[in-house]
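One file, work06.json, carrying JSON, N, CA and C atoms:
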```json
[["chain", "number", "residue", "atom", "x", "y", "z"],
["A", 1, "MET", "N", 9.72, 51.18, -140.32],
["A", 1, "MET", "CA", 9.67, 50.20, -141.37],
["A", 1, "MET", "C", 8.29, 49.54, -141.37],
["A", 2, "ALA", "N", 7.71, 49.37, -142.51],
["A", 2, "ALA", "CA", 6.37, 48.79, -142.64],
["A", 2, "ALA", "C", 6.42, 47.28, -142.40],
["A", 3, "ASP", "N", 5.31, 46.75, -141.86],
["A", 3, "ASP", "CA", 5.19, 45.31, -141.69],
["A", 3, "ASP", "C", 5.17, 44.65, -143.06],
["A", 4, "PRO", "N", 5.76, 43.45, -143.18],
["A", 4, "PRO", "CA", 5.68, 42.75, -144.47],
["A", 4, "PRO", "C", 4.23, 42.38, -144.79],
["A", 5, "ILE", "N", 3.93, 42.35, -146.06],
["A", 5, "ILE", "CA", 2.58, 41.99, -146.50],
["A", 5, "ILE", "C", 2.42, 40.49, -146.31],
["A", 6, "PRO", "N", 1.39, 40.08, -145.56],
["A", 6, "PRO", "CA", 1.21, 38.64, -145.33],
["A", 6, "PRO", "C", 0.79, 37.92, -146.61],
["A", 7, "GLU", "N", 1.16, 36.64, -146.67],
["A", 7, "GLU", "CA", 0.76, 35.81, -147.80],
["A", 7, "GLU", "C", -0.76, 35.71, -147.82],
["A", 8, "PRO", "N", -1.38, 35.79, -149.01],
["A", 8, "PRO", "CA", -2.85, 35.65, -149.07],
["A", 8, "PRO", "C", -3.27, 34.29, -148.53],
["A", 9, "ARG", "N", -4.40, 34.26, -147.86],
["A", 9, "ARG", "CA", -4.93, 33.03, -147.28],
["A", 9, "ARG", "C", -6.41, 32.93, -147.59],
["A", 10, "TYR", "N", -6.93, 31.74, -147.47],
["A", 10, "TYR", "CA", -8.37, 31.51, -147.53],
["A", 10, "TYR", "C", -8.81, 31.03, -146.16],
["A", 11, "ARG", "N", -9.96, 31.51, -145.70],
["A", 11, "ARG", "CA", -10.53, 31.10, -144.42],
["A", 11, "ARG", "C", -11.60, 30.04, -144.70],
["A", 12, "LEU", "N", -11.51, 28.92, -144.00],
["A", 12, "LEU", "CA", -12.50, 27.86, -144.12],
["A", 12, "LEU", "C", -13.84, 28.38, -143.59],
["A", 13, "VAL", "N", -14.88, 28.30, -144.40],
["A", 13, "VAL", "CA", -16.19, 28.81, -144.02],
["A", 13, "VAL", "C", -16.71, 28.09, -142.79],
["A", 14, "ASP", "N", -16.59, 26.75, -142.78],
["A", 14, "ASP", "CA", -17.17, 25.95, -141.70],
["A", 14, "ASP", "C", -16.56, 24.55, -141.74],
["A", 15, "ALA", "N", -15.92, 24.14, -140.64],
["A", 15, "ALA", "CA", -15.32, 22.80, -140.58],
["A", 15, "ALA", "C", -16.38, 21.71, -140.75],
["A", 16, "ASP", "N", -17.55, 21.94, -140.21],
["A", 16, "ASP", "CA", -18.64, 20.97, -140.35],
["A", 16, "ASP", "C", -19.03, 20.81, -141.82],
["A", 17, "LEU", "N", -19.03, 21.90, -142.55],
["A", 17, "LEU", "CA", -19.33, 21.84, -143.99],
["A", 17, "LEU", "C", -18.28, 21.00, -144.71],
["A", 18, "LEU", "N", -17.01, 21.17, -144.37],
["A", 18, "LEU", "CA", -15.97, 20.35, -144.97],
["A", 18, "LEU", "C", -16.24, 18.87, -144.70],
["A", 19, "ARG", "N", -16.57, 18.53, -143.47],
["A", 19, "ARG", "CA", -16.85, 17.14, -143.14],
["A", 19, "ARG", "C", -18.07, 16.61, -143.90],
["A", 20, "ARG", "N", -19.12, 17.44, -144.04],
["A", 20, "ARG", "CA", -20.30, 17.01, -144.80],
["A", 20, "ARG", "C", -19.97, 16.81, -146.27],
["A", 21, "LEU", "N", -19.17, 17.69, -146.83],
["A", 21, "LEU", "CA", -18.77, 17.55, -148.24],
["A", 21, "LEU", "C", -17.88, 16.33, -148.44],
["A", 22, "MET", "N", -17.08, 16.00, -147.45],
["A", 22, "MET", "CA", -16.26, 14.79, -147.54],
["A", 22, "MET", "C", -17.14, 13.55, -147.47],
["A", 23, "ALA", "N", -18.23, 13.61, -146.73],
["A", 23, "ALA", "CA", -19.14, 12.46, -146.62],
["A", 23, "ALA", "C", -19.85, 12.18, -147.94],
["A", 24, "ARG", "N", -20.02, 13.23, -148.74],
["A", 24, "ARG", "CA", -20.65, 13.06, -150.05],
["A", 24, "ARG", "C", -20.01, 14.05, -151.02],
["A", 25, "THR", "N", -19.01, 13.59, -151.75],
["A", 25, "THR", "CA", -18.26, 14.43, -152.67],
["A", 25, "THR", "C", -19.07, 14.69, -153.94],
["A", 26, "GLY", "N", -18.48, 15.37, -154.89],
["A", 26, "GLY", "CA", -19.13, 15.64, -156.17],
["A", 26, "GLY", "C", -19.50, 14.39, -156.94],
["A", 27, "THR", "N", -18.84, 13.28, -156.64],
["A", 27, "THR", "CA", -19.16, 12.00, -157.30],
["A", 27, "THR", "C", -20.28, 11.26, -156.58],
["A", 28, "GLY", "N", -20.69, 11.77, -155.42],
["A", 28, "GLY", "CA", -21.72, 11.11, -154.62],
["A", 28, "GLY", "C", -21.16, 10.12, -153.61],
["A", 29, "ARG", "N", -19.87, 9.91, -153.63],
["A", 29, "ARG", "CA", -19.22, 8.99, -152.70],
["A", 29, "ARG", "C", -18.53, 9.77, -151.59],
["A", 30, "GLY", "N", -18.30, 9.10, -150.48],
["A", 30, "GLY", "CA", -17.56, 9.70, -149.39],
["A", 30, "GLY", "C", -16.06, 9.57, -149.61],
["A", 31, "ILE", "N", -15.31, 10.40, -148.89],
["A", 31, "ILE", "CA", -13.86, 10.35, -148.96],
["A", 31, "ILE", "C", -13.32, 10.56, -147.55],
["A", 32, "SER", "N", -12.38, 9.73, -147.15],
["A", 32, "SER", "CA", -11.78, 9.84, -145.82],
["A", 32, "SER", "C", -10.71, 10.94, -145.82],
["A", 33, "VAL", "N", -10.25, 11.28, -144.63],
["A", 33, "VAL", "CA", -9.17, 12.26, -144.51],
["A", 33, "VAL", "C", -7.95, 11.78, -145.27],
["A", 34, "ARG", "N", -7.59, 10.52, -145.10],
["A", 34, "ARG", "CA", -6.40, 9.99, -145.79],
["A", 34, "ARG", "C", -6.60, 9.95, -147.31],
["A", 35, "GLN", "N", -7.79, 9.58, -147.75],
["A", 35, "GLN", "CA", -8.06, 9.58, -149.19],
["A", 35, "GLN", "C", -8.01, 10.99, -149.76],
["A", 36, "LEU", "N", -8.57, 11.96, -149.03],
["A", 36, "LEU", "CA", -8.53, 13.35, -149.48],
["A", 36, "LEU", "C", -7.10, 13.86, -149.53],
["A", 37, "ALA", "N", -6.31, 13.48, -148.54],
["A", 37, "ALA", "CA", -4.89, 13.87, -148.53],
["A", 37, "ALA", "C", -4.19, 13.33, -149.77],
["A", 38, "ALA", "N", -4.42, 12.08, -150.09],
["A", 38, "ALA", "CA", -3.78, 11.47, -151.26],
["A", 38, "ALA", "C", -4.27, 12.11, -152.56],
["A", 39, "ALA", "N", -5.57, 12.36, -152.65],
["A", 39, "ALA", "CA", -6.15, 12.92, -153.88],
["A", 39, "ALA", "C", -5.77, 14.38, -154.10],
["A", 40, "SER", "N", -5.56, 15.12, -153.01],
["A", 40, "SER", "CA", -5.30, 16.55, -153.14],
["A", 40, "SER", "C", -3.82, 16.91, -153.06],
["A", 41, "GLY", "N", -3.01, 16.00, -152.53],
["A", 41, "GLY", "CA", -1.60, 16.32, -152.34],
["A", 41, "GLY", "C", -1.37, 17.20, -151.12],
["A", 42, "VAL", "N", -2.35, 17.29, -150.25],
["A", 42, "VAL", "CA", -2.26, 18.08, -149.02],
["A", 42, "VAL", "C", -2.03, 17.09, -147.88],
["A", 43, "SER", "N", -1.22, 17.46, -146.91],
["A", 43, "SER", "CA", -0.89, 16.52, -145.84],
["A", 43, "SER", "C", -2.13, 16.08, -145.06],
["A", 44, "HIS", "N", -2.06, 14.85, -144.60],
["A", 44, "HIS", "CA", -3.14, 14.27, -143.79],
["A", 44, "HIS", "C", -3.39, 15.15, -142.56],
["A", 45, "GLY", "N", -2.33, 15.62, -141.92],
["A", 45, "GLY", "CA", -2.45, 16.44, -140.72],
["A", 45, "GLY", "C", -3.18, 17.74, -140.98],
["A", 46, "THR", "N", -2.89, 18.38, -142.11],
["A", 46, "THR", "CA", -3.56, 19.63, -142.45],
["A", 46, "THR", "C", -5.05, 19.40, -142.66],
["A", 47, "ILE", "N", -5.39, 18.37, -143.39],
["A", 47, "ILE", "CA", -6.81, 18.10, -143.65],
["A", 47, "ILE", "C", -7.52, 17.73, -142.35],
["A", 48, "GLU", "N", -6.91, 16.91, -141.53],
["A", 48, "GLU", "CA", -7.49, 16.55, -140.23],
["A", 48, "GLU", "C", -7.72, 17.79, -139.37],
["A", 49, "ASN", "N", -6.73, 18.66, -139.31],
["A", 49, "ASN", "CA", -6.85, 19.88, -138.50],
["A", 49, "ASN", "C", -7.92, 20.82, -139.04],
["A", 50, "LEU", "N", -8.05, 20.93, -140.35],
["A", 50, "LEU", "CA", -9.11, 21.74, -140.94],
["A", 50, "LEU", "C", -10.48, 21.14, -140.61],
["A", 51, "ALA", "N", -10.62, 19.84, -140.79],
["A", 51, "ALA", "CA", -11.90, 19.17, -140.57],
["A", 51, "ALA", "C", -12.33, 19.23, -139.10],
["A", 52, "GLN", "N", -11.38, 19.30, -138.20],
["A", 52, "GLN", "CA", -11.70, 19.38, -136.77],
["A", 52, "GLN", "C", -11.77, 20.82, -136.26],
["A", 53, "GLY", "N", -11.51, 21.78, -137.15],
["A", 53, "GLY", "CA", -11.60, 23.19, -136.76],
["A", 53, "GLY", "C", -10.41, 23.70, -135.98],
["A", 54, "ARG", "N", -9.32, 22.93, -135.93],
["A", 54, "ARG", "CA", -8.13, 23.36, -135.20],
["A", 54, "ARG", "C", -7.34, 24.41, -135.96],
["A", 55, "ILE", "N", -7.38, 24.35, -137.29],
["A", 55, "ILE", "CA", -6.84, 25.44, -138.10],
["A", 55, "ILE", "C", -7.97, 25.93, -138.99],
["A", 56, "LYS", "N", -7.94, 27.22, -139.29],
["A", 56, "LYS", "CA", -9.07, 27.82, -139.99],
["A", 56, "LYS", "C", -8.69, 28.47, -141.32],
["A", 57, "THR", "N", -7.40, 28.52, -141.63],
["A", 57, "THR", "CA", -6.99, 29.14, -142.89],
["A", 57, "THR", "C", -6.02, 28.24, -143.62],
["A", 58, "ALA", "N", -5.90, 28.49, -144.92],
["A", 58, "ALA", "CA", -4.96, 27.73, -145.74],
["A", 58, "ALA", "C", -4.46, 28.62, -146.88],
["A", 59, "ARG", "N", -3.33, 28.23, -147.42],
["A", 59, "ARG", "CA", -2.80, 28.92, -148.61],
["A", 59, "ARG", "C", -3.76, 28.69, -149.77],
["A", 60, "PRO", "N", -3.75, 29.57, -150.76],
["A", 60, "PRO", "CA", -4.64, 29.39, -151.91],
["A", 60, "PRO", "C", -4.48, 28.06, -152.62],
["A", 61, "ASP", "N", -3.25, 27.59, -152.80],
["A", 61, "ASP", "CA", -3.06, 26.31, -153.50],
["A", 61, "ASP", "C", -3.68, 25.15, -152.74],
["A", 62, "VAL", "N", -3.58, 25.17, -151.42],
["A", 62, "VAL", "CA", -4.18, 24.11, -150.60],
["A", 62, "VAL", "C", -5.70, 24.14, -150.72],
["A", 63, "ALA", "N", -6.29, 25.33, -150.62],
["A", 63, "ALA", "CA", -7.74, 25.47, -150.73],
["A", 63, "ALA", "C", -8.23, 24.95, -152.08],
["A", 64, "HIS", "N", -7.53, 25.32, -153.15],
["A", 64, "HIS", "CA", -7.92, 24.87, -154.49],
["A", 64, "HIS", "C", -7.80, 23.36, -154.63],
["A", 65, "GLN", "N", -6.72, 22.78, -154.13],
["A", 65, "GLN", "CA", -6.50, 21.34, -154.25],
["A", 65, "GLN", "C", -7.57, 20.55, -153.51],
["A", 66, "ILE", "N", -7.94, 21.00, -152.32],
["A", 66, "ILE", "CA", -8.98, 20.31, -151.55],
["A", 66, "ILE", "C", -10.31, 20.36, -152.31],
["A", 67, "CYS", "N", -10.66, 21.55, -152.80],
["A", 67, "CYS", "CA", -11.93, 21.69, -153.52],
["A", 67, "CYS", "C", -11.96, 20.84, -154.79],
["A", 68, "GLN", "N", -10.87, 20.83, -155.50],
["A", 68, "GLN", "CA", -10.82, 20.03, -156.72],
["A", 68, "GLN", "C", -10.99, 18.54, -156.39],
["A", 69, "ALA", "N", -10.38, 18.09, -155.32],
["A", 69, "ALA", "CA", -10.45, 16.67, -154.96],
["A", 69, "ALA", "C", -11.85, 16.26, -154.51],
["A", 70, "ILE", "N", -12.61, 17.17, -153.86],
["A", 70, "ILE", "CA", -13.96, 16.79, -153.42],
["A", 70, "ILE", "C", -15.04, 17.26, -154.39],
["A", 71, "GLY", "N", -14.65, 18.00, -155.43],
["A", 71, "GLY", "CA", -15.59, 18.35, -156.48],
["A", 71, "GLY", "C", -16.55, 19.48, -156.16],
["A", 72, "VAL", "N", -16.05, 20.53, -155.47],
["A", 72, "VAL", "CA", -16.88, 21.70, -155.20],
["A", 72, "VAL", "C", -16.16, 22.96, -155.63],
["A", 73, "ASP", "N", -16.92, 24.00, -155.88],
["A", 73, "ASP", "CA", -16.33, 25.29, -156.21],
["A", 73, "ASP", "C", -15.65, 25.88, -154.97],
["A", 74, "LEU", "N", -14.59, 26.60, -155.19],
["A", 74, "LEU", "CA", -13.76, 27.15, -154.11],
["A", 74, "LEU", "C", -14.59, 27.97, -153.11],
["A", 75, "LEU", "N", -15.44, 28.84, -153.59],
["A", 75, "LEU", "CA", -16.14, 29.76, -152.69],
["A", 75, "LEU", "C", -17.28, 29.10, -151.92],
["A", 76, "ILE", "N", -17.56, 27.84, -152.17],
["A", 76, "ILE", "CA", -18.52, 27.09, -151.35],
["A", 76, "ILE", "C", -17.90, 26.82, -149.99],
["A", 77, "LEU", "N", -16.62, 26.54, -149.97],
["A", 77, "LEU", "CA", -15.93, 26.09, -148.77],
["A", 77, "LEU", "C", -14.98, 27.12, -148.17],
["A", 78, "TRP", "N", -14.54, 28.08, -148.96],
["A", 78, "TRP", "CA", -13.51, 29.03, -148.52],
["A", 78, "TRP", "C", -13.93, 30.46, -148.78],
["A", 79, "ALA", "N", -13.44, 31.38, -147.93],
["A", 79, "ALA", "CA", -13.64, 32.81, -148.13],
["A", 79, "ALA", "C", -12.25, 33.45, -148.23],
["A", 80, "PRO", "N", -12.02, 34.24, -149.26],
["A", 80, "PRO", "CA", -10.71, 34.89, -149.37],
["A", 80, "PRO", "C", -10.56, 35.90, -148.24],
["A", 81, "THR", "N", -9.34, 36.06, -147.75],
["A", 81, "THR", "CA", -9.07, 37.07, -146.74],
["A", 81, "THR", "C", -8.33, 38.22, -147.39],
["A", 82, "GLY", "N", -8.33, 39.32, -146.72],
["A", 82, "GLY", "CA", -7.66, 40.50, -147.26],
["A", 82, "GLY", "C", -8.09, 41.72, -146.48],
["A", 83, "ARG", "N", -8.08, 42.84, -147.14],
["A", 83, "ARG", "CA", -8.38, 44.09, -146.47],
["A", 83, "ARG", "C", -9.76, 44.09, -145.83],
["A", 84, "ALA", "N", -10.75, 43.55, -146.52],
["A", 84, "ALA", "CA", -12.12, 43.60, -146.03],
["A", 84, "ALA", "C", -12.56, 42.35, -145.30],
["A", 85, "ALA", "N", -11.78, 41.29, -145.39],
["A", 85, "ALA", "CA", -12.18, 40.02, -144.77],
["A", 85, "ALA", "C", -11.10, 39.58, -143.78],
["A", 86, "PRO", "N", -11.46, 39.40, -142.52],
["A", 86, "PRO", "CA", -10.47, 39.01, -141.51],
["A", 86, "PRO", "C", -9.98, 37.59, -141.71],
["A", 87, "LEU", "N", -8.77, 37.32, -141.20],
["A", 87, "LEU", "CA", -8.24, 35.96, -141.23],
["A", 87, "LEU", "C", -9.05, 35.05, -140.32],
["A", 88, "GLU", "N", -9.45, 35.55, -139.18],
["A", 88, "GLU", "CA", -10.21, 34.77, -138.21],
["A", 88, "GLU", "C", -11.50, 35.51, -137.90],
["A", 89, "GLU", "N", -12.55, 34.76, -137.61],
["A", 89, "GLU", "CA", -13.80, 35.38, -137.24],
["A", 89, "GLU", "C", -13.61, 36.18, -135.96],
["A", 90, "GLY", "N", -14.24, 37.36, -135.90],
["A", 90, "GLY", "CA", -14.17, 38.18, -134.70],
["A", 90, "GLY", "C", -12.96, 39.09, -134.64],
["A", 91, "HIS", "N", -12.10, 39.05, -135.65],
["A", 91, "HIS", "CA", -10.93, 39.92, -135.68],
["A", 91, "HIS", "C", -11.03, 40.85, -136.87],
["A", 92, "GLU", "N", -10.52, 42.04, -136.68],
["A", 92, "GLU", "CA", -10.47, 42.99, -137.78],
["A", 92, "GLU", "C", -9.36, 42.60, -138.74],
["A", 93, "ALA", "N", -9.57, 42.88, -140.01],
["A", 93, "ALA", "CA", -8.52, 42.64, -141.00],
["A", 93, "ALA", "C", -7.40, 43.64, -140.76],
["A", 94, "ARG", "N", -6.16, 43.18, -140.89],
["A", 94, "ARG", "CA", -5.02, 44.09, -140.73],
["A", 94, "ARG", "C", -4.84, 44.91, -141.98],
["A", 95, "PRO", "N", -4.68, 46.23, -141.84],
["A", 95, "PRO", "CA", -4.45, 47.02, -143.05],
["A", 95, "PRO", "C", -3.09, 46.68, -143.65],
["A", 96, "ARG", "N", -3.03, 46.71, -144.96],
["A", 96, "ARG", "CA", -1.78, 46.38, -145.64],
["A", 96, "ARG", "C", -0.82, 47.56, -145.69],
["A", 97, "LEU", "N", -1.34, 48.75, -145.65],
["A", 97, "LEU", "CA", -0.50, 49.95, -145.72],
["A", 97, "LEU", "C", -0.76, 50.81, -144.50],
["A", 98, "ARG", "N", 0.27, 51.48, -144.05],
["A", 98, "ARG", "CA", 0.10, 52.46, -142.99],
["A", 98, "ARG", "C", 0.09, 53.83, -143.64],
["A", 99, "LEU", "N", -0.93, 54.58, -143.34],
["A", 99, "LEU", "CA", -1.04, 55.92, -143.89],
["A", 99, "LEU", "C", -0.38, 56.91, -142.96],
["A", 100, "ALA", "N", 0.30, 57.89, -143.54],
["A", 100, "ALA", "CA", 0.94, 58.93, -142.73],
["A", 100, "ALA", "C", -0.13, 59.75, -142.04],
["A", 101, "SER", "N", 0.12, 60.11, -140.78],
["A", 101, "SER", "CA", -0.86, 60.90, -140.02],
["A", 101, "SER", "C", -0.68, 62.38, -140.30]]
```
Starting from the file, lay out its structure as structure tokens.
Amino acid sequence: MADPIPEPRYRLVDADLLRRLMARTGTGRGISVRQLAAASGVSHGTIENLAQGRIKTARPDVAHQICQAIGVDLLILWAPTGRAAPLEEGHEARPRLRLAS
């Protein structure tokens, strides 16, 4: 039986970049973790963990909501994962299909 296809995820390019973008959003003002959580509808814990580098991926809706709240384009802060892009740095991407030998 084939492994289930994992839900698509986005990999955070750099936690430090997220923190810098929070310090100066698209409006030119800073935004705290709690303010970003309220503005994006993403939990405070998730944003804190992303900003501290404890988690490195997020669902597409979360990635989009964060970017919209801080006023940046998605691909500035996130990299899509999939066949050619690993979920974590230093790991190979998992193939979605198993080919018969």
note = Using only C-alpha atoms, the residue out of A:Gln68, A:Leu77, A:Gly30, A:Gln35 with shortest distance to Lys56 (chain A) is A:Leu77
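A straight line drawn from atom C of Tyr10 (chain A) to atom C of Thr57 (chain A) is 4.7 Å long.
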inquiry  = Which residues are near Asp61 (chain A)? Cut-off 8 Å, only N, CA and C atoms, ignore same chain within fewer than 6 positions. Put them as a ChimeraX atom specification.
reply    = /A:8-10,67
ask   = Separation of atom N of Ile76 (chain A) and atom C of Arg34 (chain A), in Å?
value = 21.5 Å
inquiry  = Rounded to one decimal, what separation in Å do you get between atom C of Gly82 (chain A) and CA of Leu36 (chain A)?
reply    =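 Taking atom C of Gly82 (chain A) as the start and CA of Leu36 (chain A) as the end point, the length is 28.5 Å.
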query = Pick the closest to Asp14 (chain A) from A:Ala58, A:Ala63, A:Ala51, A:Leu74: which is it, counting all atoms listed in the file?
reply =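 Nearest to Asp14 (chain A): A:Ala51.
For the choices A:Ala39, A:Val33, A:Gly28, A:Leu50, the atom-to-atom distance to Ala15 (chain A) is smallest for A:Leu50 when using all atoms listed in the file.
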Set up a box along x, y and z of the file covering all listed atoms of region 54-65 of chain A, add 5 Å on every one of the six sides, and write the centre and edge lengths in Å to one decimal, as lines of an AutoDock Vina configuration file.
```
center_x = -6.1
center_y = 25.1
center_z = -144.9
size_x = 16.5
size_y = 19.0
size_z = 29.4
```
Sel. within 7 Å of pt (-5.8, 15.5, -154.7), counting only N, CA and C atoms, output as number ranges by chain = A: 36-42, 65-66, 68-69
